[in-house]
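Text of the file structure.pdb, holding PDB, C-alpha atoms:
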ATOM      1  CA  MET E   1      47.300 -16.894 220.822
ATOM      2  CA  GLN E   2      49.007 -19.920 219.308
ATOM      3  CA  TRP E   3      50.945 -18.216 216.480
ATOM      4  CA  GLY E   4      54.673 -17.798 217.067
ATOM      5  CA  SER E   5      55.299 -15.645 213.991
ATOM      6  CA  VAL E   6      53.558 -14.007 211.045
ATOM      7  CA  ALA E   7      54.849 -16.757 208.738
ATOM      8  CA  GLU E   8      53.371 -19.388 211.032
ATOM      9  CA  PHE E   9      50.028 -17.575 210.932
ATOM     10  CA  PHE E  10      49.952 -17.521 207.125
ATOM     11  CA  ALA E  11      51.040 -21.159 206.924
ATOM     12  CA  MET E  12      47.946 -22.151 208.965
ATOM     13  CA  GLY E  13      49.616 -25.341 210.148
ATOM     14  CA  GLY E  14      50.238 -26.368 206.514
ATOM     15  CA  TYR E  15      46.624 -25.730 205.456
ATOM     16  CA  GLY E  16      47.174 -22.157 204.281
ATOM     17  CA  LEU E  17      46.495 -23.170 200.658
ATOM     18  CA  TYR E  18      42.976 -24.200 201.661
ATOM     19  CA  VAL E  19      42.183 -21.713 204.426
ATOM     20  CA  TRP E  20      43.170 -18.455 202.693
ATOM     21  CA  PRO E  21      41.396 -19.084 199.364
ATOM     22  CA  SER E  22      38.218 -19.848 201.344
ATOM     23  CA  PHE E  23      38.304 -16.514 203.119
ATOM     24  CA  GLY E  24      39.652 -14.682 200.062
ATOM     25  CA  VAL E  25      36.883 -15.886 197.763
ATOM     26  CA  ALA E  26      34.298 -15.109 200.445
ATOM     27  CA  ALA E  27      35.657 -11.558 200.709
ATOM     28  CA  LEU E  28      35.692 -11.192 196.907
ATOM     29  CA  CYS E  29      32.126 -12.486 196.540
ATOM     30  CA  MET E  30      30.688 -10.306 199.296
ATOM     31  CA  GLY E  31      32.715  -7.226 198.344
ATOM     32  CA  GLY E  32      31.871  -7.784 194.686
ATOM     33  CA  GLU E  33      28.186  -8.067 195.484
ATOM     34  CA  VAL E  34      28.274  -4.761 197.382
ATOM     35  CA  ILE E  35      29.981  -3.029 194.437
ATOM     36  CA  ALA E  36      27.548  -4.614 191.961
ATOM     37  CA  VAL E  37      24.520  -3.416 193.938
ATOM     38  CA  TRP E  38      26.110   0.028 194.296
ATOM     39  CA  ARG E  39      26.623   0.299 190.530
ATOM     40  CA  ARG E  40      23.167  -1.039 189.796
ATOM     41  CA  HIS E  41      21.657   1.633 192.014
ATOM     42  CA  ALA E  42      23.754   4.350 190.406
ATOM     43  CA  ALA E  43      22.800   3.149 186.913
ATOM     44  CA  ALA E  44      19.108   2.908 187.791
ATOM     45  CA  SER E  45      19.032   6.355 189.387
ATOM     46  CA  GLU E  46      21.008   7.912 186.528
ATOM     47  CA  SER E  47      18.887   6.577 183.711
ATOM     48  CA  HIS E  48      15.922   7.625 185.777
ATOM     49  CA  ASP E  49      17.062  11.239 185.811
ATOM     50  CA  GLU E  50      17.570  11.206 182.048
ATOM     51  CA  SER E  51      14.038  10.112 181.264
TER
ATOM     52  CA  MET D  52      -0.301  -5.109 214.803
ATOM     53  CA  SER D  53      -2.176  -2.422 216.662
ATOM     54  CA  ALA D  54      -0.673  -3.684 219.924
ATOM     55  CA  THR D  55       2.786  -2.450 218.933
ATOM     56  CA  GLY D  56       1.451   0.995 218.123
ATOM     57  CA  ILE D  57       3.173   0.951 214.746
ATOM     58  CA  ASN D  58       1.177   1.089 211.566
ATOM     59  CA  TRP D  59       3.048  -1.539 209.567
ATOM     60  CA  PHE D  60       0.897  -0.966 206.507
ATOM     61  CA  LYS D  61       2.419   2.476 206.272
ATOM     62  CA  TYR D  62       5.639   0.791 205.186
ATOM     63  CA  SER D  63       4.049  -1.608 202.719
ATOM     64  CA  SER D  64       4.246   0.777 199.753
ATOM     65  CA  PRO D  65       7.448   1.105 197.683
ATOM     66  CA  GLN D  66       7.341   4.886 198.186
ATOM     67  CA  ALA D  67       7.623   4.428 201.948
ATOM     68  CA  LEU D  68       9.995   1.455 201.771
ATOM     69  CA  TYR D  69      12.599   3.246 199.663
ATOM     70  CA  PRO D  70      13.618   5.903 202.249
ATOM     71  CA  LEU D  71      13.090   3.501 205.176
ATOM     72  CA  ALA D  72      15.496   0.976 203.645
ATOM     73  CA  GLY D  73      17.921   3.803 202.926
ATOM     74  CA  ARG D  74      17.995   4.734 206.584
ATOM     75  CA  MET D  75      18.431   1.122 207.749
ATOM     76  CA  ILE D  76      21.204   0.046 205.357
ATOM     77  CA  PRO D  77      24.117   1.991 206.994
ATOM     78  CA  TRP D  78      23.293   0.520 210.411
ATOM     79  CA  PHE D  79      23.097  -3.054 209.180
ATOM     80  CA  ALA D  80      26.289  -2.549 207.172
ATOM     81  CA  ALA D  81      28.193  -1.073 210.141
ATOM     82  CA  VAL D  82      27.093  -3.873 212.483
ATOM     83  CA  ALA D  83      27.989  -6.464 209.819
ATOM     84  CA  VAL D  84      31.515  -5.083 209.387
ATOM     85  CA  GLY D  85      32.037  -4.932 213.154
ATOM     86  CA  LEU D  86      30.745  -8.454 213.787
ATOM     87  CA  VAL D  87      32.736 -10.021 210.956
ATOM     88  CA  ALA D  88      35.889  -8.270 212.214
ATOM     89  CA  VAL D  89      35.316  -9.589 215.750
ATOM     90  CA  GLY D  90      34.360 -13.025 214.416
ATOM     91  CA  LEU D  91      37.549 -13.249 212.333
ATOM     92  CA  TYR D  92      39.631 -12.122 215.301
ATOM     93  CA  VAL D  93      38.128 -14.755 217.608
ATOM     94  CA  GLY D  94      38.308 -17.363 214.840
ATOM     95  CA  PHE D  95      41.957 -16.802 213.991
ATOM     96  CA  PHE D  96      43.513 -15.602 217.257
ATOM     97  CA  VAL D  97      41.413 -16.920 220.146
ATOM     98  CA  ALA D  98      40.080 -20.272 218.929
ATOM     99  CA  PRO D  99      42.662 -23.037 219.350
ATOM    100  CA  THR D 100      43.932 -25.404 216.654
ATOM    101  CA  ASP D 101      41.663 -28.424 216.308
ATOM    102  CA  VAL D 102      43.236 -31.655 217.514
ATOM    103  CA  THR D 103      42.139 -33.849 214.616
ATOM    104  CA  GLN D 104      41.696 -31.395 211.719
ATOM    105  CA  GLY D 105      44.529 -28.978 212.454
ATOM    106  CA  ASP D 106      43.995 -25.424 211.243
ATOM    107  CA  ALA D 107      41.977 -26.522 208.193
ATOM    108  CA  TYR D 108      38.917 -26.499 210.446
ATOM    109  CA  ARG D 109      39.044 -22.664 210.501
ATOM    110  CA  ILE D 110      37.310 -22.763 207.107
ATOM    111  CA  ILE D 111      34.084 -23.506 209.006
ATOM    112  CA  PHE D 112      34.024 -19.900 210.254
ATOM    113  CA  VAL D 113      33.009 -18.890 206.745
ATOM    114  CA  HIS D 114      31.599 -22.214 205.514
ATOM    115  CA  VAL D 115      28.937 -22.836 208.165
ATOM    116  CA  PRO D 116      27.544 -19.258 208.231
ATOM    117  CA  ALA D 117      27.449 -19.223 204.409
ATOM    118  CA  ALA D 118      25.669 -22.584 204.310
ATOM    119  CA  TRP D 119      23.123 -21.481 206.922
ATOM    120  CA  MET D 120      22.497 -18.229 205.071
ATOM    121  CA  SER D 121      21.964 -20.117 201.806
ATOM    122  CA  MET D 122      19.107 -22.034 203.442
ATOM    123  CA  PHE D 123      17.709 -19.194 205.572
ATOM    124  CA  LEU D 124      17.600 -16.807 202.628
ATOM    125  CA  TYR D 125      15.824 -19.388 200.503
ATOM    126  CA  VAL D 126      13.119 -19.843 203.153
ATOM    127  CA  ILE D 127      12.730 -16.070 203.586
ATOM    128  CA  MET D 128      12.578 -15.609 199.813
ATOM    129  CA  ALA D 129       9.898 -18.322 199.596
ATOM    130  CA  ILE D 130       7.909 -16.687 202.431
ATOM    131  CA  TRP D 131       7.939 -13.315 200.633
ATOM    132  CA  ALA D 132       6.999 -15.104 197.407
ATOM    133  CA  GLY D 133       4.110 -16.797 199.227
ATOM    134  CA  ILE D 134       2.912 -13.514 200.754
ATOM    135  CA  GLY D 135       3.184 -11.941 197.318
ATOM    136  CA  LEU D 136       1.054 -14.669 195.757
ATOM    137  CA  GLY D 137      -1.473 -14.680 198.609
ATOM    138  CA  LEU D 138      -1.975 -10.930 198.974
ATOM    139  CA  ASN D 139      -0.913  -9.949 195.454
ATOM    140  CA  ALA D 140       1.504  -7.556 197.176
ATOM    141  CA  ARG D 141       4.046  -5.930 194.892
ATOM    142  CA  PRO D 142       6.660  -5.139 197.585
ATOM    143  CA  SER D 143       6.699  -8.803 198.671
ATOM    144  CA  PHE D 144       7.638  -9.898 195.158
ATOM    145  CA  MET D 145      10.313  -7.193 195.141
ATOM    146  CA  MET D 146      11.773  -8.550 198.385
ATOM    147  CA  ALA D 147      11.853 -12.063 196.929
ATOM    148  CA  GLN D 148      13.568 -10.673 193.822
ATOM    149  CA  ALA D 149      16.115  -8.792 195.952
ATOM    150  CA  ILE D 150      17.015 -11.833 198.067
ATOM    151  CA  ALA D 151      17.662 -14.382 195.289
ATOM    152  CA  PRO D 152      21.142 -13.198 194.118
ATOM    153  CA  THR D 153      22.468 -12.971 197.697
ATOM    154  CA  GLY D 154      21.153 -16.456 198.401
ATOM    155  CA  ALA D 155      22.825 -17.766 195.265
ATOM    156  CA  MET D 156      26.099 -16.088 196.268
ATOM    157  CA  PHE D 157      26.054 -17.711 199.724
ATOM    158  CA  THR D 158      25.178 -21.092 198.221
ATOM    159  CA  PHE D 159      28.177 -20.820 195.908
ATOM    160  CA  LEU D 160      30.356 -19.802 198.884
ATOM    161  CA  ALA D 161      29.119 -22.742 200.946
ATOM    162  CA  LEU D 162      29.992 -25.133 198.106
ATOM    163  CA  PHE D 163      33.365 -23.508 197.383
ATOM    164  CA  THR D 164      34.549 -23.332 200.998
ATOM    165  CA  GLY D 165      33.205 -26.829 201.595
ATOM    166  CA  SER D 166      35.321 -28.030 198.709
ATOM    167  CA  MET D 167      38.383 -26.267 200.149
ATOM    168  CA  TRP D 168      37.726 -28.029 203.441
ATOM    169  CA  GLY D 169      36.953 -31.389 201.851
ATOM    170  CA  LYS D 170      40.236 -31.698 199.947
ATOM    171  CA  PRO D 171      42.572 -31.748 202.977
ATOM    172  CA  THR D 172      40.077 -33.442 205.306
ATOM    173  CA  TRP D 173      38.377 -36.062 203.105
ATOM    174  CA  GLY D 174      40.967 -36.137 200.342
ATOM    175  CA  ALA D 175      38.400 -35.110 197.711
ATOM    176  CA  TRP D 176      37.216 -31.764 196.341
ATOM    177  CA  TRP D 177      33.770 -33.143 195.734
ATOM    178  CA  VAL D 178      31.770 -36.269 196.547
ATOM    179  CA  TRP D 179      28.196 -37.017 195.450
ATOM    180  CA  ASP D 180      27.062 -37.090 199.031
ATOM    181  CA  ALA D 181      23.445 -36.253 199.973
ATOM    182  CA  ARG D 182      24.372 -32.996 201.722
ATOM    183  CA  LEU D 183      26.627 -31.744 198.937
ATOM    184  CA  THR D 184      24.275 -32.805 196.158
ATOM    185  CA  SER D 185      21.201 -31.205 197.746
ATOM    186  CA  GLU D 186      23.163 -27.976 198.325
ATOM    187  CA  LEU D 187      24.231 -28.006 194.654
ATOM    188  CA  ILE D 188      20.571 -28.406 193.704
ATOM    189  CA  LEU D 189      19.821 -25.340 195.858
ATOM    190  CA  LEU D 190      22.305 -23.340 193.780
ATOM    191  CA  PHE D 191      20.542 -24.490 190.596
ATOM    192  CA  GLN D 192      17.198 -23.508 192.144
ATOM    193  CA  TYR D 193      18.417 -19.976 192.867
ATOM    194  CA  ILE D 194      19.833 -19.681 189.349
ATOM    195  CA  GLY D 195      16.619 -21.099 187.899
ATOM    196  CA  ILE D 196      14.481 -18.574 189.789
ATOM    197  CA  ILE D 197      16.697 -15.665 188.662
ATOM    198  CA  LEU D 198      16.714 -16.865 185.037
ATOM    199  CA  LEU D 199      12.969 -17.519 184.975
ATOM    200  CA  ARG D 200      12.320 -13.985 186.203
ATOM    201  CA  SER D 201      14.640 -12.409 183.665
ATOM    202  CA  SER D 202      13.169 -14.475 180.815
ATOM    203  CA  ILE D 203       9.631 -13.111 181.272
ATOM    204  CA  ASP D 204       9.048  -9.544 180.096
ATOM    205  CA  ASP D 205       5.679  -9.023 181.761
ATOM    206  CA  LEU D 206       6.588  -8.010 185.316
ATOM    207  CA  ARG D 207       3.463  -9.443 186.961
ATOM    208  CA  ARG D 208       3.868 -12.782 185.242
ATOM    209  CA  ALA D 209       7.573 -12.827 186.096
ATOM    210  CA  ASP D 210       6.738 -12.140 189.748
ATOM    211  CA  ARG D 211       4.162 -14.894 189.947
ATOM    212  CA  ALA D 212       6.094 -17.511 187.989
ATOM    213  CA  SER D 213       9.303 -17.076 189.983
ATOM    214  CA  ALA D 214       7.274 -17.025 193.228
ATOM    215  CA  VAL D 215       5.664 -20.367 192.368
ATOM    216  CA  LEU D 216       9.072 -21.846 191.512
ATOM    217  CA  ALA D 217      10.527 -20.519 194.802
ATOM    218  CA  LEU D 218       7.621 -21.958 196.805
ATOM    219  CA  VAL D 219       7.763 -25.397 195.190
ATOM    220  CA  GLY D 220      11.538 -25.574 195.693
ATOM    221  CA  VAL D 221      11.366 -24.882 199.419
ATOM    222  CA  ILE D 222      10.974 -28.659 199.879
ATOM    223  CA  ASN D 223      14.719 -28.952 199.269
ATOM    224  CA  VAL D 224      15.638 -26.940 202.393
ATOM    225  CA  PRO D 225      14.579 -29.569 204.970
ATOM    226  CA  ILE D 226      16.168 -32.182 202.705
ATOM    227  CA  ILE D 227      19.501 -30.317 202.911
ATOM    228  CA  TYR D 228      19.195 -29.822 206.653
ATOM    229  CA  PHE D 229      18.264 -33.389 207.520
ATOM    230  CA  SER D 230      20.354 -35.051 204.805
ATOM    231  CA  VAL D 231      23.157 -35.794 207.281
ATOM    232  CA  ARG D 232      20.658 -37.676 209.442
ATOM    233  CA  TRP D 233      18.502 -39.367 206.794
ATOM    234  CA  TRP D 234      21.362 -40.717 204.749
ATOM    235  CA  ASN D 235      24.703 -42.151 205.666
ATOM    236  CA  THR D 236      26.691 -39.187 204.411
ATOM    237  CA  LEU D 237      30.355 -38.359 204.407
ATOM    238  CA  HIS D 238      29.439 -34.853 205.524
ATOM    239  CA  GLN D 239      29.450 -34.650 209.295
ATOM    240  CA  GLY D 240      26.301 -33.991 211.336
ATOM    241  CA  ALA D 241      25.393 -30.649 212.844
ATOM    242  CA  SER D 242      28.052 -29.333 215.225
ATOM    243  CA  VAL D 243      25.655 -26.909 216.871
ATOM    244  CA  THR D 244      21.982 -27.726 217.421
ATOM    245  CA  ILE D 245      19.345 -26.154 219.634
ATOM    246  CA  THR D 246      18.667 -29.351 221.527
ATOM    247  CA  ALA D 247      22.175 -30.550 222.391
ATOM    248  CA  ALA D 248      25.367 -29.005 223.703
ATOM    249  CA  PRO D 249      27.819 -28.002 220.949
ATOM    250  CA  THR D 250      30.459 -30.543 220.024
ATOM    251  CA  MET D 251      33.157 -27.877 219.661
ATOM    252  CA  ALA D 252      35.283 -25.737 221.974
ATOM    253  CA  GLY D 253      33.585 -22.600 223.318
ATOM    254  CA  SER D 254      35.687 -20.085 221.396
ATOM    255  CA  MET D 255      35.121 -21.997 218.138
ATOM    256  CA  VAL D 256      31.348 -21.857 218.592
ATOM    257  CA  THR D 257      31.567 -18.197 219.604
ATOM    258  CA  ALA D 258      33.517 -17.270 216.464
ATOM    259  CA  MET D 259      31.100 -19.204 214.260
ATOM    260  CA  LEU D 260      28.007 -17.620 215.819
ATOM    261  CA  ILE D 261      29.469 -14.090 215.599
ATOM    262  CA  MET D 262      30.251 -14.656 211.911
ATOM    263  CA  MET D 263      26.737 -16.036 211.482
ATOM    264  CA  VAL D 264      25.087 -12.897 212.906
ATOM    265  CA  GLY D 265      27.510 -10.770 210.868
ATOM    266  CA  PHE D 266      26.428 -12.562 207.678
ATOM    267  CA  TRP D 267      22.783 -11.967 208.642
ATOM    268  CA  MET D 268      23.432  -8.244 208.984
ATOM    269  CA  TYR D 269      25.316  -8.250 205.678
ATOM    270  CA  SER D 270      22.347  -9.989 204.047
ATOM    271  CA  PHE D 271      19.900  -7.428 205.447
ATOM    272  CA  ALA D 272      22.036  -4.537 204.208
ATOM    273  CA  VAL D 273      22.691  -5.904 200.734
ATOM    274  CA  THR D 274      19.147  -7.161 200.059
ATOM    275  CA  LEU D 275      17.641  -3.859 201.208
ATOM    276  CA  ALA D 276      20.090  -2.038 198.937
ATOM    277  CA  ARG D 277      19.066  -4.290 196.024
ATOM    278  CA  MET D 278      15.435  -3.720 196.968
ATOM    279  CA  ARG D 279      16.035   0.001 196.399
ATOM    280  CA  CYS D 280      17.514  -0.778 192.975
ATOM    281  CA  VAL D 281      14.464  -2.885 192.137
ATOM    282  CA  ILE D 282      12.107  -0.101 193.247
ATOM    283  CA  VAL D 283      13.841   2.471 191.041
ATOM    284  CA  GLU D 284      14.088   0.074 188.083
ATOM    285  CA  ARG D 285      10.428  -0.873 188.285
ATOM    286  CA  GLU D 286       9.387   2.711 188.586
ATOM    287  CA  ARG D 287      10.675   3.214 185.068
ATOM    288  CA  GLN D 288       8.316   0.525 183.795
ATOM    289  CA  PRO D 289       5.583   2.265 181.784
ATOM    290  CA  SER D 290       2.891   0.102 183.391
ATOM    291  CA  TRP D 291       3.536   1.587 186.785
ATOM    292  CA  GLY D 292       3.099   5.151 185.615
ATOM    293  CA  LYS D 293       3.659   7.154 188.761
ATOM    294  CA  PRO D 294       3.911  10.903 188.192
ATOM    295  CA  ALA D 295       6.654  11.633 190.761
ATOM    296  CA  SER D 296       9.847   9.586 191.040
ATOM    297  CA  ILE D 297      10.633   7.842 194.320
ATOM    298  CA  PRO D 298      14.012   9.566 194.872
ATOM    299  CA  ASP D 299      12.147  12.876 194.488
ATOM    300  CA  VAL D 300       9.551  11.818 197.030
ATOM    301  CA  ALA D 301      12.296  10.559 199.361
ATOM    302  CA  GLU D 302      14.108  13.875 199.155
ATOM    303  CA  ALA D 303      10.898  15.796 199.729
ATOM    304  CA  ARG D 304      10.416  13.990 203.023
TER
END
Step by step, read the file and then write its structure as structure tokens.
Amino acid sequence: MQWGSVAEFFAMGGYGLYVWPSFGVAALCMGGEVIAVWRRHAAASESHDES
Amino acid sequence: MSATGINWFKYSSPQALYPLAGRMIPWFAAVAVGLVAVGLYVGFFVAPTDVTQGDAYRIIFVHVPAAWMSMFLYVIMAIWAGIGLGLNARPSFMMAQAIAPTGAMFTFLALFTGSMWGKPTWGAWWVWDARLTSELILLFQYIGIILLRSSIDDLRRADRASAVLALVGVINVPIIYFSVRWWNTLHQGASVTITAAPTMAGSMVTAMLIMMVGFWMYSFAVTLARMRCVIVERERQPSWGKPASIPDVAEAR
């Protein structure tokens, strides 16, 4: 491992401002998609029971 | 088909697909989470800092898998669309419908992470380079297919129209892939190809490939889950008119 400290890890050799948003947005998009599909399934099943 | 001893046609009806997908989703999801965790660990703690790009290169661990998925998913969507058109098979159209939003999401991710990599490395968020432009067109294609489907009320016409659009647009995928070879682009060539040894350190390639397989598993899980939504939503369409609901049938099994 090449990281001396936690701060060094988050700095990413000075590229932290580019590296972390990349992974953060990826996590948000994929997590958001999972939640959206979850809700869509719940909504579809629910309205199905009503009819 | 008979050689494998499995009757694949058994699974070609939505009634059979719904519970089958339900059983497969947790496995794909679990493997996806595990692989992405391992991939991130290798990518951030095992792979060394790149000599020329510094730690900015670590963006490729999400960028390259997302970009590959954007193209793979398009081809798979087009194949299902083609099967749907050829055999007039309803579940094939449903698969194509279920894949499109995930493909669009990965295309957006590929463009976004590419931009985050381009700024420190090239000094520009965006350039009208052949690779970037053709990938942006892919995003518009996904959006176009989704919008075309949602703009047509008749389900059968929506299926066929979006399938034709998906099939015609597949021409863009080889253009994206070969753009770095056909044109003199700013975007670098492929780092990993089947024919040549990778141009990166072993642990870097390992992390990228693990993330890649993880994204595949994620895509399987999320598209199958959306497929189940589509099945339930379509069941409510009056034209389908099935007496028993699919969740009821699934529970009865």
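Residues surrounding Val93 in chain D within 9 Å are Ala88, Val89, Val97, Ala98, Ser254, Met255, Thr257, Ala258, Met259 and Ile261 of chain D [all atoms listed in the file; sequence separation below 4 positions excluded].
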(message) Using only C-alpha atoms, can you tell me which of D:Ala301, D:Leu237, D:Ala107, D:Val215 comes closest to Leu17 in chain E?
(response) D:Ala107
Can you list every residue of chain E that has an atom at most 6 Å from chain D, with its nearest atom pair and the distance in Å to one decimal, using only C-alpha atoms, ordered by chain then number, as CSV?
residue,atom,partner,partner_atom,distance
E:Met1,CA,D:Phe96,CA,5.4
E:Met12,CA,D:Asp106,CA,5.6
E:Gly13,CA,D:Asp106,CA,5.7
E:Tyr15,CA,D:Ala107,CA,5.5
E:Tyr18,CA,D:Met167,CA,5.3
E:Val19,CA,D:Ile110,CA,5.7
E:Ser22,CA,D:Thr164,CA,5.1
E:Val37,CA,D:Arg277,CA,5.9
E:His41,CA,D:Cys280,CA,4.9
E:Ala44,CA,D:Glu284,CA,5.8
Go ahead and save the picked residues with C-alpha atoms, as a tab-separated table (two decimals), keeping the file's coordinate frame.
chain	number	residue	atom	x	y	z
E	1	MET	CA	47.30	-16.89	220.82
E	12	MET	CA	47.95	-22.15	208.96
E	13	GLY	CA	49.62	-25.34	210.15
E	15	TYR	CA	46.62	-25.73	205.46
E	18	TYR	CA	42.98	-24.20	201.66
E	19	VAL	CA	42.18	-21.71	204.43
E	22	SER	CA	38.22	-19.85	201.34
E	37	VAL	CA	24.52	-3.42	193.94
E	41	HIS	CA	21.66	1.63	192.01
E	44	ALA	CA	19.11	2.91	187.79
(message) Could you tell me how far CA of Ile150 in chain D sits from CA of Gln239 in chain D, in Å to one decimal place?
(response) 28.3 Å
(request) State, in Å with one decimal place, the distance from CA of Met120 in chain D to CA of Met263 in chain D. (result) 8.0 Å
Which centre and edge lengths in Å to one decimal define the box along x, y and z that fits every listed atom of range 218-230 of chain D plus 8 Å per side, as lines of an AutoDock Vina configuration file?
center_x = 14.0
center_y = -28.5
center_z = 201.4
size_x = 28.7
size_y = 29.1
size_z = 28.3
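In this comparison, which uses all atoms listed in the file, the residue of D:Leu218, D:Asp101, D:Trp179, D:Trp78 approaching Gln2 in chain E most closely is D:Asp101.
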(request) Expand the PyMOL selection byres ((chain D and resi 155) around 12) into the individual residues it matches in the shown file, reporting them as a count of residues only. (result) 40
(request) Provide the CA of Val115 in chain D to CA of Tyr228 in chain D distance in Å, to one decimal place. (result) 12.1 Å
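Using all atoms listed in the file, the nearest neighbour of Trp131 in chain D within the list D:Phe229, D:Tyr92, D:Phe144, D:Trp234 is D:Phe144.
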